[in-house]
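Asks: One file: data.pdb (PDB, C-alpha atoms and all ligand atoms).
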```pdb
ATOM      1  CA  MET A  56      19.241  20.062  -1.872
ATOM      2  CA  SER A  57      15.803  18.663  -2.700
ATOM      3  CA  LYS A  58      14.779  15.592  -0.726
ATOM      4  CA  LYS A  59      14.450  12.298  -2.586
ATOM      5  CA  GLY A  60      11.963   9.508  -2.071
ATOM      6  CA  PHE A  61      11.518   5.927  -3.232
ATOM      7  CA  ILE A  62       8.400   5.456  -5.358
ATOM      8  CA  PHE A  63       7.335   2.165  -6.923
ATOM      9  CA  ASP A  64       4.600   3.419  -9.238
ATOM     10  CA  ILE A  65       2.781   6.545 -10.392
ATOM     11  CA  GLN A  66      -0.630   6.070 -12.012
ATOM     12  CA  SER A  67      -2.581   8.808 -13.747
ATOM     13  CA  PHE A  68      -6.370   8.610 -14.174
ATOM     14  CA  SER A  69      -7.172   6.816 -10.867
ATOM     15  CA  VAL A  70     -10.865   7.079 -10.053
ATOM     16  CA  HIS A  71     -11.226   4.984  -6.865
ATOM     17  CA  ASP A  72      -8.625   6.573  -4.602
ATOM     18  CA  GLY A  73     -10.411   9.782  -3.642
ATOM     19  CA  PRO A  74     -12.620  12.435  -5.222
ATOM     20  CA  GLY A  75     -12.615  12.955  -8.984
ATOM     21  CA  CYS A  76      -9.879  11.803 -11.299
ATOM     22  CA  ARG A  77      -6.512  11.523  -9.544
ATOM     23  CA  THR A  78      -2.850  10.754  -9.882
ATOM     24  CA  SER A  79      -1.827   8.027  -7.433
ATOM     25  CA  VAL A  80       1.743   8.028  -6.155
ATOM     26  CA  PHE A  81       2.866   4.740  -4.605
ATOM     27  CA  PHE A  82       5.487   5.099  -1.867
ATOM     28  CA  THR A  83       7.727   2.257  -0.774
ATOM     29  CA  GLY A  84       8.119   1.219   2.822
ATOM     30  CA  CYS A  85       5.436  -0.104   5.140
ATOM     31  CA  PRO A  86       5.457  -0.674   8.908
ATOM     32  CA  LEU A  87       2.957  -3.525   8.489
ATOM     33  CA  GLN A  88       3.446  -6.791   6.654
ATOM     34  CA  CYS A  89      -0.094  -7.984   5.977
ATOM     35  CA  LYS A  90      -0.269 -11.614   4.993
ATOM     36  CA  TRP A  91      -2.643 -10.796   2.103
ATOM     37  CA  CYS A  92      -0.781  -7.677   0.853
ATOM     38  CA  ALA A  93      -1.440  -6.857  -2.826
ATOM     39  CA  ASN A  94       1.759  -4.801  -3.129
ATOM     40  CA  PRO A  95       4.509  -6.719  -1.326
ATOM     41  CA  GLU A  96       7.114  -5.023  -3.541
ATOM     42  CA  SER A  97       6.345  -1.889  -1.530
ATOM     43  CA  TRP A  98       7.523  -3.241   1.825
ATOM     44  CA  GLU A  99      11.210  -2.452   1.514
ATOM     45  CA  ASN A 100      12.038   1.226   1.377
ATOM     46  CA  ARG A 101      14.766   0.837  -1.234
ATOM     47  CA  LYS A 102      15.240   0.028  -4.881
ATOM     48  CA  HIS A 103      14.662  -3.605  -5.775
ATOM     49  CA  PHE A 104      13.322  -5.897  -8.489
ATOM     50  CA  LEU A 105      10.625  -8.379  -9.414
ATOM     51  CA  PHE A 106      11.783 -11.713 -10.795
ATOM     52  CA  ALA A 107       9.529 -13.332 -13.441
ATOM     53  CA  GLU A 108      11.176 -16.738 -13.363
ATOM     54  CA  LYS A 109       8.836 -18.274 -15.953
ATOM     55  CA  SER A 110      10.118 -15.910 -18.672
ATOM     56  CA  CYS A 111      13.706 -17.070 -18.281
ATOM     57  CA  LYS A 112      15.084 -18.837 -21.383
ATOM     58  CA  TRP A 113      17.642 -20.863 -19.444
ATOM     59  CA  GLU A 114      17.176 -23.811 -21.874
ATOM     60  CA  SER A 115      18.958 -21.748 -24.531
ATOM     61  CA  GLY A 116      22.079 -21.781 -22.394
ATOM     62  CA  CYS A 117      21.756 -18.111 -21.458
ATOM     63  CA  ARG A 118      23.506 -17.310 -18.189
ATOM     64  CA  ALA A 119      23.978 -13.578 -18.756
ATOM     65  CA  CYS A 120      22.497 -12.536 -15.408
ATOM     66  CA  ARG A 121      24.616 -14.971 -13.426
ATOM     67  CA  ASP A 122      27.764 -13.742 -15.154
ATOM     68  CA  ALA A 123      26.829 -10.104 -14.553
ATOM     69  CA  CYS A 124      25.803 -10.320 -10.893
ATOM     70  CA  PRO A 125      28.651  -9.011  -8.712
ATOM     71  CA  ASN A 126      27.466 -10.976  -5.681
ATOM     72  CA  GLY A 127      26.972 -14.446  -7.105
ATOM     73  CA  SER A 128      23.283 -14.262  -6.144
ATOM     74  CA  ILE A 129      21.937 -15.960  -9.264
ATOM     75  CA  LYS A 130      22.164 -19.748  -9.299
ATOM     76  CA  PHE A 131      21.321 -22.498 -11.761
ATOM     77  CA  ASP A 132      20.537 -26.013 -10.540
ATOM     78  CA  GLU A 133      21.742 -29.246 -12.144
ATOM     79  CA  ASN A 134      18.927 -28.988 -14.730
ATOM     80  CA  GLY A 135      19.904 -25.430 -15.607
ATOM     81  CA  ARG A 136      16.940 -23.836 -13.859
ATOM     82  CA  ILE A 137      17.457 -20.361 -12.404
ATOM     83  CA  SER A 138      16.886 -19.180  -8.826
ATOM     84  CA  ILE A 139      17.855 -16.136  -6.765
ATOM     85  CA  ALA A 140      19.671 -16.443  -3.462
ATOM     86  CA  TYR A 141      17.799 -13.578  -1.816
ATOM     87  CA  ASP A 142      19.975 -13.861   1.279
ATOM     88  CA  ILE A 143      23.048 -12.970  -0.823
ATOM     89  CA  CYS A 144      21.507 -10.426  -3.231
ATOM     90  CA  ASN A 145      21.924  -7.003  -1.707
ATOM     91  CA  ARG A 146      19.946  -5.158  -4.424
ATOM     92  CA  CYS A 147      23.255  -3.775  -5.609
ATOM     93  CA  GLU A 148      23.022  -0.194  -6.838
ATOM     94  CA  THR A 149      23.746  -1.094 -10.464
ATOM     95  CA  PHE A 150      21.095  -3.819 -10.862
ATOM     96  CA  GLU A 151      23.219  -5.600 -13.463
ATOM     97  CA  CYS A 152      20.623  -8.390 -13.614
ATOM     98  CA  VAL A 153      17.942  -5.978 -14.858
ATOM     99  CA  GLY A 154      20.141  -4.521 -17.572
ATOM    100  CA  VAL A 155      21.559  -7.721 -19.086
ATOM    101  CA  CYS A 156      18.514  -9.955 -19.390
ATOM    102  CA  PRO A 157      17.193 -10.025 -22.967
ATOM    103  CA  ASN A 158      13.838 -11.357 -21.765
ATOM    104  CA  ASN A 159      12.965  -8.834 -19.055
ATOM    105  CA  VAL A 160      12.974 -11.503 -16.385
ATOM    106  CA  PHE A 161      14.188  -8.888 -13.903
ATOM    107  CA  LYS A 162      12.154  -5.716 -13.597
ATOM    108  CA  GLN A 163      13.288  -2.860 -11.436
ATOM    109  CA  CYS A 164      10.213  -1.824  -9.493
ATOM    110  CA  VAL A 165      11.331   1.071  -7.309
ATOM    111  CA  LYS A 166      12.819   4.364  -8.461
ATOM    112  CA  GLU A 167      14.077   7.499  -6.768
ATOM    113  CA  TYR A 168      12.288  10.833  -7.295
ATOM    114  CA  THR A 169      12.935  14.358  -6.085
ATOM    115  CA  VAL A 170      10.155  16.614  -4.791
ATOM    116  CA  GLU A 171      10.413  18.551  -8.059
ATOM    117  CA  ASP A 172      10.060  15.341 -10.111
ATOM    118  CA  ILE A 173       6.767  14.549  -8.359
ATOM    119  CA  ILE A 174       5.397  18.075  -8.642
ATOM    120  CA  LYS A 175       6.305  18.196 -12.328
ATOM    121  CA  ILE A 176       4.282  15.008 -12.936
ATOM    122  CA  LEU A 177       1.334  16.342 -10.901
ATOM    123  CA  ARG A 178       1.324  19.637 -12.776
ATOM    124  CA  ARG A 179       1.464  17.708 -16.058
ATOM    125  CA  ASP A 180      -1.622  15.707 -14.951
ATOM    126  CA  PHE A 181      -3.434  18.723 -13.518
ATOM    127  CA  SER A 182      -5.579  19.293 -16.616
ATOM    128  CA  ASN A 183      -6.843  15.655 -16.516
ATOM    129  CA  TRP A 184      -8.267  15.835 -13.008
ATOM    130  CA  GLY A 185     -11.324  18.031 -13.417
ATOM    131  CA  PRO A 186     -12.579  20.252 -10.593
ATOM    132  CA  ASP A 187     -12.591  17.598  -7.790
ATOM    133  CA  GLY A 188      -9.472  15.586  -8.537
ATOM    134  CA  GLY A 189      -5.930  15.763  -7.259
ATOM    135  CA  VAL A 190      -3.218  13.478  -5.941
ATOM    136  CA  THR A 191      -3.447  10.408  -3.714
ATOM    137  CA  PHE A 192      -0.390   9.255  -1.793
ATOM    138  CA  THR A 193      -0.482   5.517  -1.229
ATOM    139  CA  GLY A 194       1.903   2.583  -1.071
ATOM    140  CA  GLY A 195       3.162   0.856   1.018
ATOM    141  CA  ASP A 196       2.537   3.502   3.573
ATOM    142  CA  PRO A 197       3.579   7.040   2.607
ATOM    143  CA  LEU A 198       4.148   7.886   6.291
ATOM    144  CA  ILE A 199       7.337   5.812   6.285
ATOM    145  CA  GLN A 200       8.932   8.543   4.128
ATOM    146  CA  HIS A 201       7.216  11.335   6.033
ATOM    147  CA  GLU A 202       9.965  13.939   5.579
ATOM    148  CA  PHE A 203       9.913  13.579   1.808
ATOM    149  CA  LEU A 204       6.114  13.362   1.814
ATOM    150  CA  THR A 205       5.793  16.559   3.869
ATOM    151  CA  GLU A 206       7.964  18.453   1.392
ATOM    152  CA  VAL A 207       5.808  17.199  -1.486
ATOM    153  CA  LEU A 208       2.644  18.131   0.429
ATOM    154  CA  LYS A 209       3.878  21.662   1.080
ATOM    155  CA  GLN A 210       4.387  22.059  -2.651
ATOM    156  CA  CYS A 211       0.917  20.632  -3.313
ATOM    157  CA  ARG A 212      -0.502  23.301  -1.013
ATOM    158  CA  HIS A 213       1.477  25.942  -2.865
ATOM    159  CA  TRP A 214      -0.029  24.771  -6.178
ATOM    160  CA  GLN A 215      -3.503  24.301  -4.616
ATOM    161  CA  ILE A 216      -3.583  20.582  -5.411
ATOM    162  CA  HIS A 217      -6.198  18.498  -3.561
ATOM    163  CA  THR A 218      -4.424  15.836  -1.471
ATOM    164  CA  ALA A 219      -5.530  12.394  -0.323
ATOM    165  CA  ILE A 220      -3.703   9.640   1.554
ATOM    166  CA  GLU A 221      -4.142   5.910   2.036
ATOM    167  CA  THR A 222      -2.359   4.939   5.226
ATOM    168  CA  SER A 223      -2.177   2.459   8.071
ATOM    169  CA  ALA A 224      -1.773   5.405  10.512
ATOM    170  CA  TYR A 225       1.010   3.397  12.127
ATOM    171  CA  ALA A 226       3.461   6.217  12.846
ATOM    172  CA  LYS A 227       4.582   8.375  15.756
ATOM    173  CA  GLN A 228       1.650  10.556  16.692
ATOM    174  CA  GLU A 229       3.448  13.860  16.109
ATOM    175  CA  VAL A 230       4.507  12.668  12.641
ATOM    176  CA  PHE A 231       1.004  11.466  11.793
ATOM    177  CA  LEU A 232      -0.677  14.700  12.884
ATOM    178  CA  GLU A 233       1.914  16.869  11.152
ATOM    179  CA  VAL A 234       1.471  15.073   7.806
ATOM    180  CA  LEU A 235      -2.329  15.053   8.067
ATOM    181  CA  LYS A 236      -2.312  18.845   8.397
ATOM    182  CA  TYR A 237      -1.642  18.953   4.670
ATOM    183  CA  ILE A 238      -4.194  16.283   3.709
ATOM    184  CA  ASN A 239      -7.751  16.918   2.533
ATOM    185  CA  PHE A 240      -9.018  13.339   2.382
ATOM    186  CA  ALA A 241      -7.866  10.147   4.144
ATOM    187  CA  PHE A 242      -8.527   6.430   3.918
ATOM    188  CA  ILE A 243      -7.203   4.796   7.098
ATOM    189  CA  ASP A 244      -7.100   1.024   7.395
ATOM    190  CA  VAL A 245      -8.300  -0.758  10.511
ATOM    191  CA  LYS A 246      -7.596  -4.404   9.772
ATOM    192  CA  HIS A 247      -8.831  -5.827  13.073
ATOM    193  CA  MET A 248     -10.149  -4.486  16.387
ATOM    194  CA  ASP A 249      -8.611  -7.308  18.429
ATOM    195  CA  ARG A 250      -4.990  -6.350  19.090
ATOM    196  CA  GLU A 251      -3.697  -9.942  19.052
ATOM    197  CA  LYS A 252      -5.509 -10.736  15.812
ATOM    198  CA  HIS A 253      -4.212  -7.478  14.356
ATOM    199  CA  TYR A 254      -0.694  -8.560  15.241
ATOM    200  CA  GLU A 255      -1.280 -12.002  13.781
ATOM    201  CA  GLY A 256      -2.366 -10.606  10.402
ATOM    202  CA  THR A 257      -0.091  -7.593  10.070
ATOM    203  CA  GLY A 258       2.898  -8.024  12.370
ATOM    204  CA  VAL A 259       1.985  -5.004  14.565
ATOM    205  CA  TYR A 260      -0.551  -4.250  17.312
ATOM    206  CA  ASN A 261      -3.408  -1.851  16.586
ATOM    207  CA  ASP A 262      -3.016   0.425  19.672
ATOM    208  CA  LEU A 263      -1.012   3.130  17.891
ATOM    209  CA  ILE A 264      -3.365   3.121  14.892
ATOM    210  CA  LEU A 265      -6.477   3.548  17.029
ATOM    211  CA  SER A 266      -4.915   6.218  19.220
ATOM    212  CA  ASN A 267      -3.741   8.150  16.139
ATOM    213  CA  ILE A 268      -7.257   8.118  14.701
ATOM    214  CA  GLU A 269      -8.611   9.366  18.036
ATOM    215  CA  ALA A 270      -5.966  12.089  18.167
ATOM    216  CA  LEU A 271      -6.774  13.160  14.611
ATOM    217  CA  VAL A 272     -10.446  13.533  15.458
ATOM    218  CA  LYS A 273      -9.634  15.448  18.654
ATOM    219  CA  SER A 274      -7.282  17.759  16.753
ATOM    220  CA  GLY A 275     -10.251  19.224  14.886
ATOM    221  CA  TRP A 276      -8.857  18.110  11.525
ATOM    222  CA  LYS A 277     -11.117  19.450   8.759
ATOM    223  CA  GLY A 278     -10.619  16.738   6.142
ATOM    224  CA  ARG A 279     -12.867  13.809   5.290
ATOM    225  CA  LEU A 280     -11.919  10.494   6.897
ATOM    226  CA  ILE A 281     -13.157   7.111   5.722
ATOM    227  CA  LEU A 282     -12.024   3.987   7.554
ATOM    228  CA  ARG A 283     -11.162   1.039   5.371
ATOM    229  CA  GLN A 284     -10.987  -2.662   5.942
ATOM    230  CA  PRO A 285      -9.737  -5.368   3.613
ATOM    231  CA  THR A 286     -12.286  -8.016   4.569
ATOM    232  CA  ILE A 287     -10.964 -11.547   4.787
ATOM    233  CA  ALA A 288     -12.923 -14.704   5.562
ATOM    234  CA  GLY A 289     -11.783 -16.399   8.738
ATOM    235  CA  TYR A 290      -9.757 -13.371   9.818
ATOM    236  CA  ASN A 291     -11.816 -10.209  10.306
ATOM    237  CA  ASP A 292     -15.265 -11.034   8.912
ATOM    238  CA  SER A 293     -17.036 -11.716  12.220
ATOM    239  CA  ASP A 294     -20.062  -9.745  13.437
ATOM    240  CA  GLU A 295     -18.198  -9.213  16.703
ATOM    241  CA  ASN A 296     -15.317  -7.441  14.964
ATOM    242  CA  ALA A 297     -17.749  -5.230  13.044
ATOM    243  CA  LEU A 298     -19.590  -4.330  16.266
ATOM    244  CA  GLN A 299     -16.343  -3.411  18.008
ATOM    245  CA  LEU A 300     -15.351  -1.193  15.116
ATOM    246  CA  ILE A 301     -18.792   0.431  15.135
ATOM    247  CA  ASP A 302     -18.350   1.154  18.848
ATOM    248  CA  PHE A 303     -14.954   2.759  18.150
ATOM    249  CA  MET A 304     -16.432   4.812  15.308
ATOM    250  CA  ASN A 305     -19.360   5.981  17.411
ATOM    251  CA  ARG A 306     -17.058   7.054  20.228
ATOM    252  CA  ASN A 307     -15.078   9.139  17.752
ATOM    253  CA  GLY A 308     -17.918  10.557  15.694
ATOM    254  CA  LEU A 309     -16.851   8.649  12.555
ATOM    255  CA  TYR A 310     -19.569   7.577  10.189
ATOM    256  CA  GLU A 311     -18.055   6.142   6.989
ATOM    257  CA  ILE A 312     -16.367   2.828   6.253
ATOM    258  CA  ASN A 313     -15.266   1.143   3.038
ATOM    259  CA  LEU A 314     -15.098  -2.670   3.037
ATOM    260  CA  LEU A 315     -12.792  -4.157   0.424
ATOM    261  CA  LYS A 316     -13.428  -7.747  -0.579
ATOM    262  CA  PHE A 317     -10.343  -9.972  -0.281
ATOM    263  CA  HIS A 318      -8.557 -10.690  -3.588
ATOM    264  CA  ARG A 319      -5.371 -12.398  -4.682
ATOM    265  CA  LEU A 320      -4.056  -9.861  -7.192
ATOM    266  CA  GLY A 321      -0.721  -9.689  -5.375
ATOM    267  CA  GLU A 322      -0.003 -13.429  -5.308
ATOM    268  CA  THR A 323       2.264 -13.481  -8.377
ATOM    269  CA  LYS A 324       4.321 -10.633  -6.952
ATOM    270  CA  TRP A 325       4.869 -12.573  -3.706
ATOM    271  CA  ASN A 326       6.318 -15.388  -5.813
ATOM    272  CA  GLN A 327       8.419 -12.979  -7.879
ATOM    273  CA  LEU A 328       9.909 -11.566  -4.686
ATOM    274  CA  GLY A 329      10.720 -15.017  -3.338
ATOM    275  CA  LYS A 330       8.133 -14.728  -0.540
ATOM    276  CA  GLU A 331       5.635 -17.349   0.519
ATOM    277  CA  TYR A 332       1.974 -16.370   0.054
ATOM    278  CA  GLU A 333      -0.243 -17.908   2.741
ATOM    279  CA  TYR A 334      -3.631 -16.961   1.332
ATOM    280  CA  HIS A 335      -3.579 -18.933  -1.921
ATOM    281  CA  ASP A 336      -6.447 -21.215  -0.835
ATOM    282  CA  HIS A 337      -8.477 -19.309   1.773
ATOM    283  CA  GLY A 338      -9.784 -15.884   2.725
ATOM    284  CA  ASP A 339     -12.444 -15.534  -0.005
ATOM    285  CA  MET A 340     -15.555 -13.551   0.908
ATOM    286  CA  THR A 341     -18.953 -14.231  -0.648
ATOM    287  CA  LYS A 342     -21.141 -11.381  -1.920
ATOM    288  CA  GLU A 343     -23.754 -12.383   0.682
ATOM    289  CA  LYS A 344     -21.251 -12.160   3.548
ATOM    290  CA  MET A 345     -20.076  -8.736   2.380
ATOM    291  CA  GLU A 346     -23.674  -7.555   2.254
ATOM    292  CA  HIS A 347     -24.360  -9.033   5.688
ATOM    293  CA  LEU A 348     -21.501  -6.991   7.169
ATOM    294  CA  GLN A 349     -22.706  -3.918   5.303
ATOM    295  CA  GLU A 350     -26.164  -4.378   6.885
ATOM    296  CA  ILE A 351     -24.621  -4.413  10.362
ATOM    297  CA  TYR A 352     -22.934  -1.070   9.755
ATOM    298  CA  LEU A 353     -26.023   0.442   8.144
ATOM    299  CA  ASP A 354     -28.178  -0.730  11.073
ATOM    300  CA  HIS A 355     -25.895   1.311  13.336
ATOM    301  CA  ASN A 356     -26.090   4.436  11.171
ATOM    302  CA  ILE A 357     -22.629   4.002   9.684
ATOM    303  CA  ALA A 358     -22.415   4.598   5.934
ATOM    304  CA  CYS A 359     -20.788   1.437   4.596
ATOM    305  CA  TYR A 360     -19.472   1.190   1.029
ATOM    306  CA  ILE A 361     -18.355  -2.050  -0.564
ATOM    307  CA  GLY A 362     -15.441  -2.128  -2.988
ATOM    308  CA  ASP A 363     -15.316   0.761  -5.442
ATOM    309  CA  ASN A 364     -18.718   2.144  -4.450
ATOM    310  CA  THR A 365     -17.495   4.910  -2.156
ATOM    311  CA  PRO A 366     -19.258   8.146  -3.142
ATOM    312  CA  PHE A 367     -16.718  10.920  -3.372
TER     313      PHE A 367
HETATM  314  S1  LIG B   1      20.303  -6.839  -7.703
HETATM  315 FE1  LIG B   1      22.526  -6.988  -7.942
HETATM  316  S2  LIG B   1      23.116  -8.512  -6.372
HETATM  317 FE2  LIG B   1      20.912  -8.767  -6.687
HETATM  318  S3  LIG B   1      20.710 -10.362  -8.282
HETATM  319 FE3  LIG B   1      20.691  -8.357  -9.333
HETATM  320  S4  LIG B   1      22.823  -8.022  -9.914
HETATM  321 FE4  LIG B   1      22.821  -9.628  -8.342
HETATM  322  S1  LIG B   2      19.687 -13.260 -18.432
HETATM  323 FE1  LIG B   2      17.475 -13.550 -18.369
HETATM  324  S2  LIG B   2      17.034 -15.187 -19.877
HETATM  325 FE2  LIG B   2      19.254 -15.208 -19.439
HETATM  326  S3  LIG B   2      19.472 -16.732 -17.801
HETATM  327 FE3  LIG B   2      19.283 -14.734 -16.787
HETATM  328  S4  LIG B   2      17.078 -14.514 -16.386
HETATM  329 FE4  LIG B   2      17.296 -16.170 -17.879
END
```
I'd like the structure from this file rewritten - as structure tokens, please.
Replies:
Amino acid sequence: MSKKGFIFDIQSFSVHDGPGCRTSVFFTGCPLQCKWCANPESWENRKHFLFAEKSCKWESGCRACRDACPNGSIKFDENGRISIAYDICNRCETFECVGVCPNNVFKQCVKEYTVEDIIKILRRDFSNWGPDGGVTFTGGDPLIQHEFLTEVLKQCRHWQIHTAIETSAYAKQEVFLEVLKYINFAFIDVKHMDREKHYEGTGVYNDLILSNIEALVKSGWKGRLILRQPTIAGYNDSDENALQLIDFMNRNGLYEINLLKFHRLGETKWNQLGKEYEYHDHGDMTKEKMEHLQEIYLDHNIACYIGDNTPF
């Protein structure tokens, strides 16, 4: 039977996630939990929902979701205002809350796909891509569902589809190298060179990530690798961190990095998932500071692209 995977979005016509025009497939599941994550709905590798509390018309007396929920997870306070008891909600298979709400307060954000479902969508999009385009697997981190991903990648090879991945590289080395065999282009995030600071920001140490990148280079992999760093003021924007990363890149013959300026596009989703967002009032990078970091890389013969300016 065909393997199934959890996917939280599929976007056609992506132009910043690899060469040409691409279809981006967003996998759920991530081994990191970055405090600034723009896609926190991707963390759990299962179906779940976003909760747009502000759209609830509780004043009208509607309690349809509460009455439908089999677990008693939906509560109303003494003023009638709604909340979710996330510790009780088990993301029941039926998602009664999503179906009954007349105001789309609950939105299911993860769906299950077979390998054939994905390939059908890619083949549908094929004519949009042009000669350089293809598919980008992103997330979350697609490596979490590596068995499903590998099956999809084998089919991509069969159909001669160009493949790219955006990954943390935080996976068992044999898994990482096996998946990358089928990948033509990779963005790999290095959030911080200091292992304690990496842990502080993401919940994991960076040792496995760095050793996987080294192993990939040593394996003679033929794809194009660009390191990536979400750049956050007060966290990883120091000259020292840039110089350490340059040293790592030089030792491994890597010469391209993409710096992404911190943004808060995910903040609403943190709230809708009942999670606390720490970065609502700090982390902003100035244009000058981004350019200063870019200069450091350029001075050390590393091609450094800011934001969407990566040449593909
Ligand atoms: S997912 Fe299921 S358990 Fe959770 S709030 Fe909705 S209906 Fe209740
Ligand atoms: S069903 Fe929708 S509108 Fe009605 S109380 Fe629940 S969330 Fe609010």
Asks: So the first atom is CA of Trp325 (chain A) and the second is CA of Asn145 (chain A); what is the distance between them in Å, to one decimal place?
Replies: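 Calculated distance between CA of Trp325 (chain A) and CA of Asn145 (chain A) is 18.1 Å.
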Asks: Using only C-alpha atoms, pick whichever of A:Tyr254, A:Tyr260, A:Tyr168, A:Tyr141 has the shortest atom-to-atom distance to Gly127 (chain A).
Replies: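 That would be A:Tyr141, the residue with the smallest distance to Gly127 (chain A).
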Asks: If you take only C-alpha atoms and all ligand atoms and a cut-off of 6 Å, which residues of chain A touch ligand LIG 2 (chain B), and what are their nearest atom pairs and distances in Å to one decimal, in chain and number order, as JSON lines?
Replies:
```
{"residue": "A:Cys111", "atom": "CA", "partner": "B:LIG2", "partner_atom": "FE4", "distance": 3.7}
{"residue": "A:Lys112", "atom": "CA", "partner": "B:LIG2", "partner_atom": "S2", "distance": 4.4}
{"residue": "A:Trp113", "atom": "CA", "partner": "B:LIG2", "partner_atom": "S3", "distance": 4.8}
{"residue": "A:Cys117", "atom": "CA", "partner": "B:LIG2", "partner_atom": "FE2", "distance": 4.3}
{"residue": "A:Arg118", "atom": "CA", "partner": "B:LIG2", "partner_atom": "S3", "distance": 4.1}
{"residue": "A:Ala119", "atom": "CA", "partner": "B:LIG2", "partner_atom": "S1", "distance": 4.3}
{"residue": "A:Cys120", "atom": "CA", "partner": "B:LIG2", "partner_atom": "FE3", "distance": 4.1}
{"residue": "A:Val155", "atom": "CA", "partner": "B:LIG2", "partner_atom": "S1", "distance": 5.9}
{"residue": "A:Cys156", "atom": "CA", "partner": "B:LIG2", "partner_atom": "S1", "distance": 3.6}
{"residue": "A:Pro157", "atom": "CA", "partner": "B:LIG2", "partner_atom": "FE1", "distance": 5.8}
{"residue": "A:Asn158", "atom": "CA", "partner": "B:LIG2", "partner_atom": "S2", "distance": 5.3}
{"residue": "A:Val160", "atom": "CA", "partner": "B:LIG2", "partner_atom": "S4", "distance": 5.1}
```
Asks: Report as a PyMOL selection string all protein, DNA and RNA residues lying within 12 Å of Cys211 (chain A), evaluated on only C-alpha atoms, omitting residues in the same chain fewer than 5 positions from it.
Replies: chain A and resi 170-171+173-178+181+189-192+204-206+216-219+237-239
Asks: Take the residues from that selection and put them in a file with C-alpha atoms, as a CSV table (one decimal), in the coordinates of the input.
Replies:
```csv
chain,number,residue,atom,x,y,z
A,170,VAL,CA,10.2,16.6,-4.8
A,171,GLU,CA,10.4,18.6,-8.1
A,173,ILE,CA,6.8,14.5,-8.4
A,174,ILE,CA,5.4,18.1,-8.6
A,175,LYS,CA,6.3,18.2,-12.3
A,176,ILE,CA,4.3,15.0,-12.9
A,177,LEU,CA,1.3,16.3,-10.9
A,178,ARG,CA,1.3,19.6,-12.8
A,181,PHE,CA,-3.4,18.7,-13.5
A,189,GLY,CA,-5.9,15.8,-7.3
A,190,VAL,CA,-3.2,13.5,-5.9
A,191,THR,CA,-3.4,10.4,-3.7
A,192,PHE,CA,-0.4,9.3,-1.8
A,204,LEU,CA,6.1,13.4,1.8
A,205,THR,CA,5.8,16.6,3.9
A,206,GLU,CA,8.0,18.5,1.4
A,216,ILE,CA,-3.6,20.6,-5.4
A,217,HIS,CA,-6.2,18.5,-3.6
A,218,THR,CA,-4.4,15.8,-1.5
A,219,ALA,CA,-5.5,12.4,-0.3
A,237,TYR,CA,-1.6,19.0,4.7
A,238,ILE,CA,-4.2,16.3,3.7
A,239,ASN,CA,-7.8,16.9,2.5
```
Asks: Write out as JSON, numbers by chain the residues lying within 7 Å of Thr169 (chain A), counting all atoms listed in the file and excluding same-chain residues fewer than 6 positions away.
Replies: {"A": [57, 58, 59, 60]}
Asks: Quick one: apply the PyMOL selection byres (((chain A and resi 285) around 8) and not hetatm) to the file and drop the selected residues here as number ranges by chain.
Replies: A: 244, 246, 283-284, 286-287, 314-317
Asks: Would you export the selected residues with C-alpha atoms as a tab-separated table (two decimals), in the coordinates of the input, please?
Replies:
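result.tsv was written with the following content:
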```tsv
chain	number	residue	atom	x	y	z
A	244	ASP	CA	-7.10	1.02	7.40
A	246	LYS	CA	-7.60	-4.40	9.77
A	283	ARG	CA	-11.16	1.04	5.37
A	284	GLN	CA	-10.99	-2.66	5.94
A	286	THR	CA	-12.29	-8.02	4.57
A	287	ILE	CA	-10.96	-11.55	4.79
A	314	LEU	CA	-15.10	-2.67	3.04
A	315	LEU	CA	-12.79	-4.16	0.42
A	316	LYS	CA	-13.43	-7.75	-0.58
A	317	PHE	CA	-10.34	-9.97	-0.28
```
Asks: Report, as AutoDock Vina command-line options, the axis-aligned box around all atoms of ligand LIG 1 (chain B) present in the file, extended by 8 Å on each side; give centre and edge lengths in Å to one decimal place.
Replies:
```
--center_x 21.7 --center_y -8.6 --center_z -8.1 --size_x 18.8 --size_y 19.5 --size_z 19.5
```
Asks: Let me have all residues with an atom within 12 Å of ligand LIG 1 (chain B), counting all atoms listed in the file, laid out as an NGL selection string.
Replies: :A and (101-106 or 119-130 or 137-156 or 160-165 or 328)
Asks: Between CA of Phe81 (chain A) and CA of Ser97 (chain A), what is the spacing in Å?
Replies: 8.1 Å
Asks: Give me, please, the distance in Å between CA of Phe240 (chain A) and CA of Leu280 (chain A), quoted to one decimal.
Replies: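 That distance, rounded to one decimal, is 6.1 Å.
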Asks: Between A:Arg179, A:Thr323, A:Ser69, A:Ile264, which is the closest to Val245 (chain A) once you count all atoms listed in the file?
Replies: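 Residue with the minimum atom-to-atom distance to Val245 (chain A): A:Ile264.
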Asks: With distances taken over only C-alpha atoms, which residue among A:Leu271, A:Met248, A:Leu265, A:Cys85 lies nearest Leu235 (chain A)?
Replies: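 So, comparing all the options, the nearest one is A:Leu271.
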Asks: Which residue gives the smallest distance to Arg319 (chain A) among A:Ile281, A:Met340, A:Ala224, A:Leu232, with all atoms listed in the file counted?
Replies: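 Among the listed residues, A:Met340 lies closest to Arg319 (chain A).
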Asks: List the spatial neighbours of Thr222 (chain A) as a ChimeraX atom specification - criterion: any atom at most 7 Å away, all atoms listed in the file, same-chain residues fewer than 6 positions off excluded.
Replies: /A:193,196-197,242-244
Asks: If the PyMOL selection byres (((chain A and resi 256-258) around 9) and not hetatm) is run on the structure shown, which residues does it catch, given as a list of chain:residue names?
Replies: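 In the shown coordinates, the PyMOL selection byres (((chain A and resi 256-258) around 9) and not hetatm) covers A:Pro86, A:Leu87, A:Gln88, A:Cys89, A:Lys90, A:Trp91, A:Lys246, A:His247, A:Glu251, A:Lys252, A:His253, A:Tyr254, A:Glu255, A:Val259, A:Tyr260, A:Tyr290.
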